file upload-v6.pdb (PDB, C-alpha atoms)
ATOM      1  CA  MET D   4       7.246  14.664 -10.166
ATOM      2  CA  ILE D   5       7.671  16.921 -13.183
ATOM      3  CA  VAL D   6       4.073  16.243 -14.226
ATOM      4  CA  ASN D   7       2.797  17.011 -10.724
ATOM      5  CA  THR D   8       4.792  20.245 -10.606
ATOM      6  CA  LEU D   9       3.299  21.407 -13.902
ATOM      7  CA  LEU D  10      -0.193  20.448 -12.751
ATOM      8  CA  VAL D  11       0.179  22.356  -9.485
ATOM      9  CA  ALA D  12       1.341  25.502 -11.275
ATOM     10  CA  GLY D  13      -1.327  25.244 -13.975
ATOM     11  CA  LYS D  14      -4.256  24.581 -11.648
ATOM     12  CA  LEU D  15      -3.209  27.204  -9.129
ATOM     13  CA  ALA D  16      -2.852  29.898 -11.792
ATOM     14  CA  ALA D  17      -6.125  28.934 -13.494
ATOM     15  CA  GLY D  18      -7.957  28.790 -10.171
ATOM     16  CA  ILE D  19      -6.807  32.244  -9.079
ATOM     17  CA  VAL D  20      -7.390  33.920 -12.444
ATOM     18  CA  GLY D  21     -10.650  32.054 -13.078
ATOM     19  CA  HIS D  22     -12.092  32.630  -9.567
ATOM     20  CA  SER D  23     -12.518  28.899  -8.891
ATOM     21  CA  HIS D  24     -11.930  27.944  -5.281
ATOM     22  CA  ALA D  25     -12.426  24.289  -6.152
ATOM     23  CA  LEU D  26      -9.577  24.506  -8.646
ATOM     24  CA  VAL D  27      -7.316  26.196  -6.091
ATOM     25  CA  ALA D  28      -8.141  23.433  -3.601
ATOM     26  CA  ASP D  29      -7.394  20.908  -6.322
ATOM     27  CA  ALA D  30      -3.991  22.534  -6.832
ATOM     28  CA  VAL D  31      -3.240  22.108  -3.141
ATOM     29  CA  GLU D  32      -4.143  18.419  -3.398
ATOM     30  CA  SER D  33      -1.734  18.126  -6.324
ATOM     31  CA  LEU D  34       0.926  19.788  -4.196
ATOM     32  CA  ALA D  35       0.400  16.987  -1.689
ATOM     33  CA  ASP D  36       0.893  14.588  -4.607
ATOM     34  CA  LEU D  37       4.248  16.197  -5.293
ATOM     35  CA  PHE D  38       5.431  15.728  -1.727
ATOM     36  CA  SER D  39       4.058  12.191  -1.650
ATOM     37  CA  SER D  40       6.057  11.289  -4.758
ATOM     38  CA  LEU D  41       9.219  12.427  -2.996
ATOM     39  CA  ILE D  42       8.311  10.353   0.058
ATOM     40  CA  VAL D  43       7.566   7.307  -2.093
ATOM     41  CA  TRP D  44      10.861   7.642  -3.932
ATOM     42  CA  ARG D  45      12.820   7.905  -0.696
ATOM     43  CA  GLY D  46      10.925   4.997   0.839
ATOM     44  CA  LEU D  47      11.715   2.773  -2.127
ATOM     45  CA  VAL D  48      15.397   3.725  -2.016
ATOM     46  CA  ILE D  49      15.665   2.857   1.680
ATOM     47  CA  SER D  50      13.670  -0.376   1.391
ATOM     48  CA  ALA D  51      15.929  -1.574  -1.428
ATOM     49  CA  ALA D  52      19.005  -1.355   0.793
ATOM     50  CA  PRO D  53      20.390  -4.800   1.700
ATOM     51  CA  ALA D  54      20.224  -6.258   5.193
ATOM     52  CA  ASP D  55      22.988  -5.198   7.541
ATOM     53  CA  GLU D  56      24.109  -5.819  11.112
ATOM     54  CA  ASP D  57      21.583  -3.371  12.539
ATOM     55  CA  HIS D  58      18.750  -4.483  10.234
ATOM     56  CA  PRO D  59      19.111  -8.249   9.735
ATOM     57  CA  TYR D  60      15.665  -8.482   8.130
ATOM     58  CA  GLY D  61      16.432  -5.707   5.669
ATOM     59  CA  HIS D  62      14.860  -2.272   5.336
ATOM     60  CA  GLY D  63      11.530  -3.284   3.816
ATOM     61  CA  LYS D  64       9.502  -1.581   6.549
ATOM     62  CA  ALA D  65      10.499   1.737   4.993
ATOM     63  CA  GLU D  66       7.773   1.092   2.409
ATOM     64  CA  PRO D  67       4.775   0.966   4.780
ATOM     65  CA  ILE D  68       6.246   3.870   6.755
ATOM     66  CA  ALA D  69       6.336   5.924   3.559
ATOM     67  CA  ALA D  70       2.825   4.715   2.698
ATOM     68  CA  ALA D  71       1.585   5.836   6.111
ATOM     69  CA  LEU D  72       3.114   9.278   5.580
ATOM     70  CA  VAL D  73       1.536   9.599   2.137
ATOM     71  CA  SER D  74      -1.838   8.493   3.519
ATOM     72  CA  THR D  75      -1.534  11.086   6.254
ATOM     73  CA  LEU D  76      -0.882  13.724   3.604
ATOM     74  CA  LEU D  77      -4.116  12.663   1.921
ATOM     75  CA  LEU D  78      -6.019  13.098   5.175
ATOM     76  CA  VAL D  79      -4.452  16.506   5.800
ATOM     77  CA  ALA D  80      -5.295  17.606   2.259
ATOM     78  CA  ALA D  81      -8.884  16.402   2.720
ATOM     79  CA  VAL D  82      -9.287  18.394   5.929
ATOM     80  CA  TRP D  83      -7.842  21.528   4.312
ATOM     81  CA  ILE D  84     -10.024  21.207   1.209
ATOM     82  CA  GLY D  85     -13.128  20.562   3.315
ATOM     83  CA  ALA D  86     -12.487  23.492   5.643
ATOM     84  CA  THR D  87     -11.805  25.813   2.713
ATOM     85  CA  ALA D  88     -14.962  24.668   0.928
ATOM     86  CA  VAL D  89     -17.132  25.303   3.994
ATOM     87  CA  ARG D  90     -15.667  28.790   4.365
ATOM     88  CA  GLU D  91     -16.194  29.645   0.709
ATOM     89  CA  ILE D  92     -19.763  28.321   0.711
ATOM     90  CA  ARG D  93     -20.565  30.896   3.371
ATOM     91  CA  THR D  94     -18.742  33.672   1.496
ATOM     92  CA  PRO D  95     -20.367  35.270  -1.585
ATOM     93  CA  HIS D  96     -18.118  35.152  -4.642
ATOM     94  CA  SER D  97     -18.249  35.364  -8.427
ATOM     95  CA  THR D  98     -18.972  32.549 -10.868
ATOM     96  CA  PRO D  99     -15.861  30.627 -12.026
ATOM     97  CA  ALA D 100     -14.559  31.361 -15.516
ATOM     98  CA  ALA D 101     -15.461  28.880 -18.255
ATOM     99  CA  PHE D 102     -11.842  28.138 -19.170
ATOM    100  CA  THR D 103     -11.276  26.550 -15.748
ATOM    101  CA  LEU D 104     -13.517  23.700 -16.857
ATOM    102  CA  VAL D 105     -11.226  22.957 -19.804
ATOM    103  CA  VAL D 106      -8.214  22.932 -17.488
ATOM    104  CA  LEU D 107      -9.905  20.453 -15.172
ATOM    105  CA  LEU D 108     -10.882  18.090 -17.969
ATOM    106  CA  GLY D 109      -7.249  17.948 -19.069
ATOM    107  CA  VAL D 110      -6.132  17.305 -15.496
ATOM    108  CA  ILE D 111      -8.613  14.443 -15.112
ATOM    109  CA  VAL D 112      -7.249  12.697 -18.199
ATOM    110  CA  VAL D 113      -3.625  13.084 -17.076
ATOM    111  CA  LYS D 114      -4.255  11.996 -13.487
ATOM    112  CA  GLU D 115      -6.343   8.980 -14.413
ATOM    113  CA  GLY D 116      -3.604   7.912 -16.799
ATOM    114  CA  LEU D 117      -0.996   8.263 -14.053
ATOM    115  CA  PHE D 118      -3.198   6.274 -11.671
ATOM    116  CA  ARG D 119      -3.541   3.347 -14.054
ATOM    117  CA  PHE D 120       0.167   3.297 -14.885
ATOM    118  CA  VAL D 121       1.401   3.539 -11.283
ATOM    119  CA  LEU D 122      -1.172   1.027 -10.009
ATOM    120  CA  GLY D 123      -0.011  -1.476 -12.614
ATOM    121  CA  GLU D 124       3.561  -1.046 -11.419
ATOM    122  CA  ALA D 125       2.468  -1.389  -7.783
ATOM    123  CA  ILE D 126       0.678  -4.664  -8.465
ATOM    124  CA  SER D 127       3.632  -6.075 -10.387
ATOM    125  CA  VAL D 128       6.091  -5.394  -7.546
ATOM    126  CA  GLU D 129       3.558  -5.892  -4.702
ATOM    127  CA  SER D 130       4.493  -2.547  -3.160
ATOM    128  CA  THR D 131       2.207  -0.936  -0.590
ATOM    129  CA  VAL D 132       3.788   2.484  -0.901
ATOM    130  CA  VAL D 133       3.588   2.548  -4.711
ATOM    131  CA  GLN D 134      -0.047   1.472  -4.529
ATOM    132  CA  THR D 135      -0.712   4.301  -2.083
ATOM    133  CA  ASP D 136       0.924   6.748  -4.468
ATOM    134  CA  ALA D 137      -1.267   5.433  -7.291
ATOM    135  CA  TRP D 138      -4.421   6.058  -5.288
ATOM    136  CA  HIS D 139      -3.139   9.522  -4.520
ATOM    137  CA  HIS D 140      -3.316  10.172  -8.275
ATOM    138  CA  ARG D 141      -6.845   8.740  -8.379
ATOM    139  CA  SER D 142      -7.860  11.010  -5.489
ATOM    140  CA  ASP D 143      -6.542  13.982  -7.434
ATOM    141  CA  ALA D 144      -8.575  12.892 -10.462
ATOM    142  CA  ILE D 145     -11.677  12.601  -8.261
ATOM    143  CA  THR D 146     -11.086  16.071  -6.842
ATOM    144  CA  SER D 147     -10.738  17.471 -10.348
ATOM    145  CA  ALA D 148     -13.881  15.667 -11.511
ATOM    146  CA  ALA D 149     -15.860  17.024  -8.571
ATOM    147  CA  ALA D 150     -14.565  20.514  -9.267
ATOM    148  CA  ALA D 151     -15.497  20.154 -12.944
ATOM    149  CA  ILE D 152     -19.039  19.137 -12.024
ATOM    150  CA  GLY D 153     -19.338  22.037  -9.606
ATOM    151  CA  ILE D 154     -18.051  24.564 -12.127
ATOM    152  CA  SER D 155     -20.412  23.180 -14.774
ATOM    153  CA  VAL D 156     -23.373  23.617 -12.425
ATOM    154  CA  ALA D 157     -22.245  27.146 -11.557
ATOM    155  CA  LEU D 158     -21.876  28.095 -15.220
ATOM    156  CA  LEU D 159     -25.167  26.535 -16.319
ATOM    157  CA  GLY D 160     -27.153  27.657 -13.290
ATOM    158  CA  GLY D 161     -26.012  31.254 -13.401
ATOM    159  CA  PRO D 162     -26.613  33.657 -10.491
ATOM    160  CA  GLY D 163     -27.282  31.860  -7.234
ATOM    161  CA  TYR D 164     -25.193  28.836  -8.169
ATOM    162  CA  GLU D 165     -21.766  30.391  -7.597
ATOM    163  CA  ALA D 166     -21.024  28.097  -4.656
ATOM    164  CA  ALA D 167     -21.618  24.909  -6.642
ATOM    165  CA  ASP D 168     -17.891  24.330  -7.147
ATOM    166  CA  ASP D 169     -17.341  24.731  -3.396
ATOM    167  CA  TRP D 170     -19.944  22.074  -2.661
ATOM    168  CA  ALA D 171     -18.194  19.851  -5.179
ATOM    169  CA  ALA D 172     -14.888  20.437  -3.401
ATOM    170  CA  LEU D 173     -16.524  19.456  -0.106
ATOM    171  CA  VAL D 174     -17.758  16.177  -1.584
ATOM    172  CA  ALA D 175     -14.294  15.508  -2.988
ATOM    173  CA  ALA D 176     -12.782  16.136   0.450
ATOM    174  CA  PHE D 177     -14.861  13.320   1.936
ATOM    175  CA  ILE D 178     -13.827  10.953  -0.857
ATOM    176  CA  ILE D 179     -10.153  11.818  -0.405
ATOM    177  CA  ALA D 180     -10.413  11.363   3.360
ATOM    178  CA  TRP D 181     -11.957   7.919   2.897
ATOM    179  CA  ASN D 182      -9.178   6.865   0.520
ATOM    180  CA  GLY D 183      -6.544   8.235   2.880
ATOM    181  CA  TRP D 184      -7.951   6.316   5.838
ATOM    182  CA  ARG D 185      -8.285   3.104   3.824
ATOM    183  CA  LEU D 186      -4.676   3.287   2.656
ATOM    184  CA  LEU D 187      -3.428   4.258   6.108
ATOM    185  CA  ARG D 188      -5.066   1.173   7.602
ATOM    186  CA  GLY D 189      -3.269  -1.022   5.076
ATOM    187  CA  ALA D 190       0.092   0.576   5.832
ATOM    188  CA  LEU D 191      -0.414   0.241   9.588
ATOM    189  CA  ALA D 192      -1.440  -3.394   9.177
ATOM    190  CA  GLU D 193       1.822  -4.125   7.372
ATOM    191  CA  LEU D 194       3.813  -2.281  10.036
ATOM    192  CA  MET D 195       2.079  -4.407  12.682
ATOM    193  CA  ASP D 196       2.953  -7.612  10.767
ATOM    194  CA  ALA D 197      -0.661  -8.439  10.016
ATOM    195  CA  MET D 198      -1.148 -11.753   8.236
ATOM    196  CA  PRO D 199      -1.038 -11.306   4.435
ATOM    197  CA  ASP D 200      -3.524 -12.811   2.004
ATOM    198  CA  PRO D 201      -4.660 -16.241   3.329
ATOM    199  CA  ALA D 202      -4.365 -17.575  -0.218
ATOM    200  CA  LEU D 203      -0.602 -17.068  -0.038
ATOM    201  CA  GLU D 204      -0.417 -19.038   3.205
ATOM    202  CA  MET D 205      -2.383 -21.884   1.641
ATOM    203  CA  ARG D 206      -0.048 -21.865  -1.346
ATOM    204  CA  VAL D 207       3.003 -22.097   0.926
ATOM    205  CA  ARG D 208       1.436 -25.024   2.777
ATOM    206  CA  GLU D 209       0.619 -26.803  -0.477
ATOM    207  CA  ILE D 210       4.177 -26.455  -1.742
ATOM    208  CA  ALA D 211       5.652 -27.678   1.535
ATOM    209  CA  ARG D 212       3.413 -30.748   1.599
ATOM    210  CA  THR D 213       4.711 -31.844  -1.806
ATOM    211  CA  VAL D 214       8.250 -32.201  -0.451
ATOM    212  CA  PRO D 215       9.216 -35.852   0.230
ATOM    213  CA  ASP D 216       9.293 -36.911   3.907
ATOM    214  CA  VAL D 217       7.016 -34.049   5.003
ATOM    215  CA  ALA D 218       4.196 -35.586   7.039
ATOM    216  CA  ASP D 219       2.217 -32.384   7.547
ATOM    217  CA  ILE D 220       2.431 -28.644   8.222
ATOM    218  CA  GLU D 221       1.438 -27.739  11.763
ATOM    219  CA  GLN D 222       1.826 -23.952  11.625
ATOM    220  CA  CYS D 223       2.560 -21.430   8.908
ATOM    221  CA  ARG D 224       3.004 -17.718   9.511
ATOM    222  CA  LEU D 225       3.875 -15.017   7.001
ATOM    223  CA  ARG D 226       4.793 -11.378   7.306
ATOM    224  CA  LYS D 227       5.463  -8.804   4.645
ATOM    225  CA  MET D 228       8.696  -6.848   4.521
ATOM    226  CA  GLY D 229       8.607  -4.372   1.655
ATOM    227  CA  GLY D 230       8.153  -6.346  -1.541
ATOM    228  CA  HIS D 231       9.118  -9.657   0.082
ATOM    229  CA  PHE D 232       7.624 -12.148   2.509
ATOM    230  CA  PHE D 233       9.191 -14.005   5.418
ATOM    231  CA  VAL D 234       7.757 -17.403   6.353
ATOM    232  CA  ASP D 235       7.865 -19.213   9.706
ATOM    233  CA  MET D 236       6.721 -22.815   9.475
ATOM    234  CA  HIS D 237       6.371 -25.895  11.689
ATOM    235  CA  VAL D 238       6.993 -29.003   9.587
ATOM    236  CA  GLN D 239       6.131 -32.486  10.865
ATOM    237  CA  VAL D 240       8.397 -35.396   9.936
ATOM    238  CA  ASP D 241       8.907 -39.015  10.977
ATOM    239  CA  PRO D 242       9.905 -38.919  14.686
ATOM    240  CA  ASN D 243      12.530 -41.586  14.023
ATOM    241  CA  MET D 244      14.471 -39.332  11.679
ATOM    242  CA  THR D 245      17.913 -38.191  12.717
ATOM    243  CA  VAL D 246      18.774 -34.536  13.134
ATOM    244  CA  VAL D 247      20.721 -34.624   9.877
ATOM    245  CA  GLN D 248      17.800 -36.150   7.983
ATOM    246  CA  SER D 249      15.244 -33.699   9.355
ATOM    247  CA  HIS D 250      17.630 -30.840   8.639
ATOM    248  CA  ALA D 251      17.785 -31.962   5.009
ATOM    249  CA  VAL D 252      13.980 -32.028   4.829
ATOM    250  CA  ALA D 253      13.856 -28.486   6.177
ATOM    251  CA  HIS D 254      16.218 -27.292   3.465
ATOM    252  CA  ARG D 255      14.209 -29.024   0.757
ATOM    253  CA  VAL D 256      11.039 -27.330   1.988
ATOM    254  CA  LYS D 257      12.750 -23.959   2.066
ATOM    255  CA  ASP D 258      14.173 -24.380  -1.430
ATOM    256  CA  ALA D 259      10.823 -25.541  -2.831
ATOM    257  CA  VAL D 260       8.909 -22.575  -1.397
ATOM    258  CA  ARG D 261      11.455 -20.009  -2.553
ATOM    259  CA  GLU D 262      11.708 -21.554  -5.997
ATOM    260  CA  LYS D 263       7.965 -21.484  -6.640
ATOM    261  CA  LEU D 264       7.296 -18.205  -4.827
ATOM    262  CA  PRO D 265      10.085 -15.769  -5.777
ATOM    263  CA  ASN D 266       8.684 -13.034  -3.545
ATOM    264  CA  VAL D 267       9.368 -15.202  -0.474
ATOM    265  CA  TYR D 268      12.740 -13.999   0.766
ATOM    266  CA  ASP D 269      13.356 -16.481   3.574
ATOM    267  CA  VAL D 270      11.759 -19.500   5.235
ATOM    268  CA  LEU D 271      12.476 -20.385   8.861
ATOM    269  CA  ILE D 272      11.502 -23.982   9.643
ATOM    270  CA  HIS D 273      10.861 -25.648  12.984
ATOM    271  CA  ILE D 274      10.859 -29.448  12.788
ATOM    272  CA  GLU D 275       8.175 -31.343  14.730
ATOM    273  CA  PRO D 276       7.831 -35.120  15.151
ATOM    274  CA  ALA D 277       4.692 -36.278  13.348
ATOM    275  CA  GLY D 278       1.682 -37.187  15.456
ATOM    276  CA  THR D 279       2.504 -34.834  18.330
ATOM    277  CA  ALA D 280       0.837 -31.631  17.190
ATOM    278  CA  GLY D 281      -0.333 -29.469  20.070
ATOM    279  CA  ARG D 282       1.620 -31.403  22.722
ATOM    280  CA  ARG D 283       4.594 -30.179  24.714
ATOM    281  CA  PRO D 284       7.944 -31.870  24.046
ATOM    282  CA  ASP D 285       7.893 -33.539  27.475
ATOM    283  CA  GLU D 286       4.480 -35.070  26.690
ATOM    284  CA  ARG D 287       5.462 -36.651  23.393
ATOM    285  CA  ALA D 288       5.638 -40.396  23.123
ATOM    286  CA  GLY D 289       8.745 -42.153  21.897
ATOM    287  CA  ASP D 290      12.103 -40.571  21.433
ATOM    288  CA  GLY D 291      11.027 -37.883  18.945
ATOM    289  CA  THR D 292      13.130 -34.785  19.348
ATOM    290  CA  VAL D 293      12.218 -31.261  18.346
ATOM    291  CA  VAL D 294      14.860 -29.810  16.094
ATOM    292  CA  ARG D 295      14.854 -26.124  15.206
ATOM    293  CA  ASP D 296      16.395 -25.591  11.816
ATOM    294  CA  ASP D 297      17.537 -22.016  11.378
ATOM    295  CA  ALA D 298      18.373 -22.396   7.721
ATOM    296  CA  THR D 299      21.018 -20.052   6.447
ATOM    297  CA  ARG D 300      19.544 -16.769   5.288
ATOM    298  CA  ARG D 301      20.198 -15.527   1.834
TER     299      ARG D 301
END
call {"tool": "encode", "arguments": {"input": "upload-v6.pdb", "output": "structure tokens"}}
result
Amino acid sequence: MIVNTLLVAGKLAAGIVGHSHALVADAVESLADLFSSLIVWRGLVISAAPADEDHPYGHGKAEPIAAALVSTLLLVAAVWIGATAVREIRTPHSTPAAFTLVVLLGVIVVKEGLFRFVLGEAISVESTVVQTDAWHHRSDAITSAAAAIGISVALLGGPGYEAADDWAALVAAFIIAWNGWRLLRGALAELMDAMPDPALEMRVREIARTVPDVADIEQCRLRKMGGHFFVDMHVQVDPNMTVVQSHAVAHRVKDAVREKLPNVYDVLIHIEPAGTAGRRPDERAGDGTVVRDDATRR
């Protein structure tokens, strides 16, 4: 946040003094970065809170909510930058000062460095909101790069090319809007409990099938809650097993999945008699009984 504050002040001052509307627009985008960092921080604090009576599944949804807010800020910034660029293109103004180009090059280096660092952290903790914040830094770097190109064209082209930095800002606005929409879709998908990566589901199934006495896995559903996953699974076992025996199998499956996949917070297992997949309990042959094992949550 300190870095973003310094960047906002530096770019805004340089843009006003150096007559670069693209740099001023870039400063506004950095201001959005500052607010987004505050939102990300608050979202992470809330999502880290333990489960309670009112939130038995924890507070992990605070992360995608924060990500959605940050993405919305990106979209708002894109609209503002685009509208400002269109207005300035139609308004005659002076050529930007050469020193603004130096400022932008420094900003690009700093922002790209922040993007790579934050993205690495986001991948390591599998956090949607941190990843969104990382791409916010990349969007700022793109805006600065576009502004730098525009200012370079204006300086090299001379009279008649004064609006080049405004055209660059307009291009950057479209790029930022695309990133904002892409990240917003991801956040909304998590809020709607969209199925995570199919590879993770396959891995869960593979682990469960290695547990002794597991005949097969009929269903497997996952949903993301902050940095963790919750799994709902239908496990088929020998229909002649007792409730106690099938309950023990369910616990072994749960323990195996959580041991090999630390980011899986809980596994809820529904026991099915083998050979009756897709049939209602009253249609099943023999005396197989469906047992729902609500294993104790951590």
call {"tool": "resolve_selection", "arguments": {"input": "upload-v6.pdb", "expression": "the PyMOL selection byres ((chain D and resi 268) around 8)", "output": "ChimeraX atom specification"}}
result
/D:231-233,261,265-267,269-270,301
call {"tool": "resolve_selection", "arguments": {"input": "upload-v6.pdb", "expression": "the PyMOL selection byres ((chain D and resi 134) around 10)", "output": "count of residues only"}}
result
21
call {"tool": "resolve_selection", "arguments": {"input": "upload-v6.pdb", "expression": "the PyMOL selection byres ((chain D and resi 15) around 9)", "output": "mmCIF file with C-alpha atoms, in the coordinates of the input"}}
result
data_model
loop_
_atom_site.group_PDB
_atom_site.id
_atom_site.type_symbol
_atom_site.label_atom_id
_atom_site.label_comp_id
_atom_site.auth_asym_id
_atom_site.auth_seq_id
_atom_site.Cartn_x
_atom_site.Cartn_y
_atom_site.Cartn_z
ATOM 1 C CA LEU D 10 -0.193 20.448 -12.751
ATOM 2 C CA VAL D 11 0.179 22.356 -9.485
ATOM 3 C CA ALA D 12 1.341 25.502 -11.275
ATOM 4 C CA GLY D 13 -1.327 25.244 -13.975
ATOM 5 C CA LYS D 14 -4.256 24.581 -11.648
ATOM 6 C CA ALA D 16 -2.852 29.898 -11.792
ATOM 7 C CA ALA D 17 -6.125 28.934 -13.494
ATOM 8 C CA GLY D 18 -7.957 28.790 -10.171
ATOM 9 C CA ILE D 19 -6.807 32.244 -9.079
ATOM 10 C CA VAL D 20 -7.390 33.920 -12.444
ATOM 11 C CA LEU D 26 -9.577 24.506 -8.646
ATOM 12 C CA VAL D 27 -7.316 26.196 -6.091
ATOM 13 C CA ALA D 28 -8.141 23.433 -3.601
ATOM 14 C CA ASP D 29 -7.394 20.908 -6.322
ATOM 15 C CA ALA D 30 -3.991 22.534 -6.832
ATOM 16 C CA VAL D 31 -3.240 22.108 -3.141
#
call {"tool": "atom_distance", "arguments": {"input": "upload-v6.pdb", "atom1": "atom CA of Ala81 of chain D", "atom2": "atom CA of Ser39 of chain D"}}
result
14.3 Å
call {"tool": "atom_distance", "arguments": {"input": "upload-v6.pdb", "atom1": "atom CA of Gly278 of chain D", "atom2": "atom CA of Gln248 of chain D"}}
result
17.8 Å
call {"tool": "closest_residue", "arguments": {"input": "upload-v6.pdb", "among": "D:Met244, D:Ala151, D:Ala144, D:Ala65", "to": "Arg119 of chain D", "atoms": "only C-alpha atoms"}}
result
D:Ala144
call {"tool": "residues_around", "arguments": {"input": "upload-v6.pdb", "residues": "His62 of chain D", "least_positions_apart": "6", "cutoff": "8 Å", "atoms": "all atoms listed in the file", "output": "list in words"}}
result
Ile49, Ser50, Ala51, Ala52, Pro53, Ala54, Met228 and Gly229 of chain D
call {"tool": "closest_residue", "arguments": {"input": "upload-v6.pdb", "among": "D:Leu41, D:Leu159, D:Leu194, D:Leu264", "to": "Lys227 of chain D", "atoms": "all atoms listed in the file"}}
result
D:Leu194
call {"tool": "closest_residue", "arguments": {"input": "upload-v6.pdb", "among": "D:Thr213, D:Asn243, D:Ser40, D:Gln222", "to": "Val256 of chain D", "atoms": "all atoms listed in the file"}}
result
D:Thr213
call {"tool": "closest_residue", "arguments": {"input": "upload-v6.pdb", "among": "D:Pro59, D:Gly153, D:Gly85, D:Pro201", "to": "Ala180 of chain D", "atoms": "only C-alpha atoms"}}
result
D:Gly85
call {"tool": "atom_distance", "arguments": {"input": "upload-v6.pdb", "atom1": "atom CA of Ala167 of chain D", "atom2": "atom CA of Phe102 of chain D"}}
result
16.2 Å
call {"tool": "residues_around", "arguments": {"input": "upload-v6.pdb", "residues": "Ile210 of chain D", "least_positions_apart": "6", "cutoff": "8 Å", "atoms": "only C-alpha atoms", "output": "list in words"}}
result
Val256, Ala259, Val260 and Lys263 of chain D
call {"tool": "build_atoms", "arguments": {"input": "upload-v6.pdb", "residues": "segment 190-208 of chain D", "atoms": "N, CA and C atoms", "output": "mmCIF file, in the coordinates of the input"}}
result
data_model
loop_
_atom_site.group_PDB
_atom_site.id
_atom_site.type_symbol
_atom_site.label_atom_id
_atom_site.label_comp_id
_atom_site.auth_asym_id
_atom_site.auth_seq_id
_atom_site.Cartn_x
_atom_site.Cartn_y
_atom_site.Cartn_z
ATOM 1 N N ALA D 190 -1.310 0.349 5.469
ATOM 2 C CA ALA D 190 0.092 0.576 5.832
ATOM 3 C C ALA D 190 0.347 0.204 7.287
ATOM 4 N N LEU D 191 -0.579 0.574 8.168
ATOM 5 C CA LEU D 191 -0.414 0.241 9.588
ATOM 6 C C LEU D 191 -0.484 -1.266 9.811
ATOM 7 N N ALA D 192 -1.341 -1.935 9.052
ATOM 8 C CA ALA D 192 -1.440 -3.394 9.177
ATOM 9 C C ALA D 192 -0.119 -4.054 8.813
ATOM 10 N N GLU D 193 0.527 -3.559 7.765
ATOM 11 C CA GLU D 193 1.822 -4.125 7.372
ATOM 12 C C GLU D 193 2.890 -3.824 8.419
ATOM 13 N N LEU D 194 2.850 -2.628 8.990
ATOM 14 C CA LEU D 194 3.813 -2.281 10.036
ATOM 15 C C LEU D 194 3.626 -3.156 11.275
ATOM 16 N N MET D 195 2.381 -3.565 11.522
ATOM 17 C CA MET D 195 2.079 -4.407 12.682
ATOM 18 C C MET D 195 2.206 -5.894 12.362
ATOM 19 N N ASP D 196 2.760 -6.218 11.187
ATOM 20 C CA ASP D 196 2.953 -7.612 10.767
ATOM 21 C C ASP D 196 1.644 -8.386 10.715
ATOM 22 N N ALA D 197 0.606 -7.734 10.207
ATOM 23 C CA ALA D 197 -0.661 -8.439 10.016
ATOM 24 C C ALA D 197 -0.479 -9.552 8.989
ATOM 25 N N MET D 198 -1.253 -10.615 9.143
ATOM 26 C CA MET D 198 -1.148 -11.753 8.236
ATOM 27 C C MET D 198 -1.534 -11.330 6.823
ATOM 28 N N PRO D 199 -0.700 -11.642 5.824
ATOM 29 C CA PRO D 199 -1.038 -11.306 4.435
ATOM 30 C C PRO D 199 -2.219 -12.125 3.928
ATOM 31 N N ASP D 200 -2.424 -12.095 2.642
ATOM 32 C CA ASP D 200 -3.524 -12.811 2.004
ATOM 33 C C ASP D 200 -3.508 -14.293 2.392
ATOM 34 N N PRO D 201 -4.612 -14.816 2.948
ATOM 35 C CA PRO D 201 -4.660 -16.241 3.329
ATOM 36 C C PRO D 201 -4.357 -17.179 2.165
ATOM 37 N N ALA D 202 -4.641 -16.729 0.947
ATOM 38 C CA ALA D 202 -4.365 -17.575 -0.218
ATOM 39 C C ALA D 202 -2.870 -17.843 -0.351
ATOM 40 N N LEU D 203 -2.050 -16.876 0.030
ATOM 41 C CA LEU D 203 -0.602 -17.068 -0.038
ATOM 42 C C LEU D 203 -0.157 -18.099 0.996
ATOM 43 N N GLU D 204 -0.741 -18.040 2.180
ATOM 44 C CA GLU D 204 -0.417 -19.038 3.205
ATOM 45 C C GLU D 204 -0.780 -20.442 2.727
ATOM 46 N N MET D 205 -1.962 -20.578 2.139
ATOM 47 C CA MET D 205 -2.383 -21.884 1.641
ATOM 48 C C MET D 205 -1.442 -22.388 0.555
ATOM 49 N N ARG D 206 -0.976 -21.474 -0.286
ATOM 50 C CA ARG D 206 -0.048 -21.865 -1.346
ATOM 51 C C ARG D 206 1.272 -22.355 -0.757
ATOM 52 N N VAL D 207 1.763 -21.677 0.268
ATOM 53 C CA VAL D 207 3.003 -22.097 0.926
ATOM 54 C C VAL D 207 2.833 -23.490 1.530
ATOM 55 N N ARG D 208 1.699 -23.710 2.179
ATOM 56 C CA ARG D 208 1.436 -25.024 2.777
ATOM 57 C C ARG D 208 1.389 -26.116 1.702
#
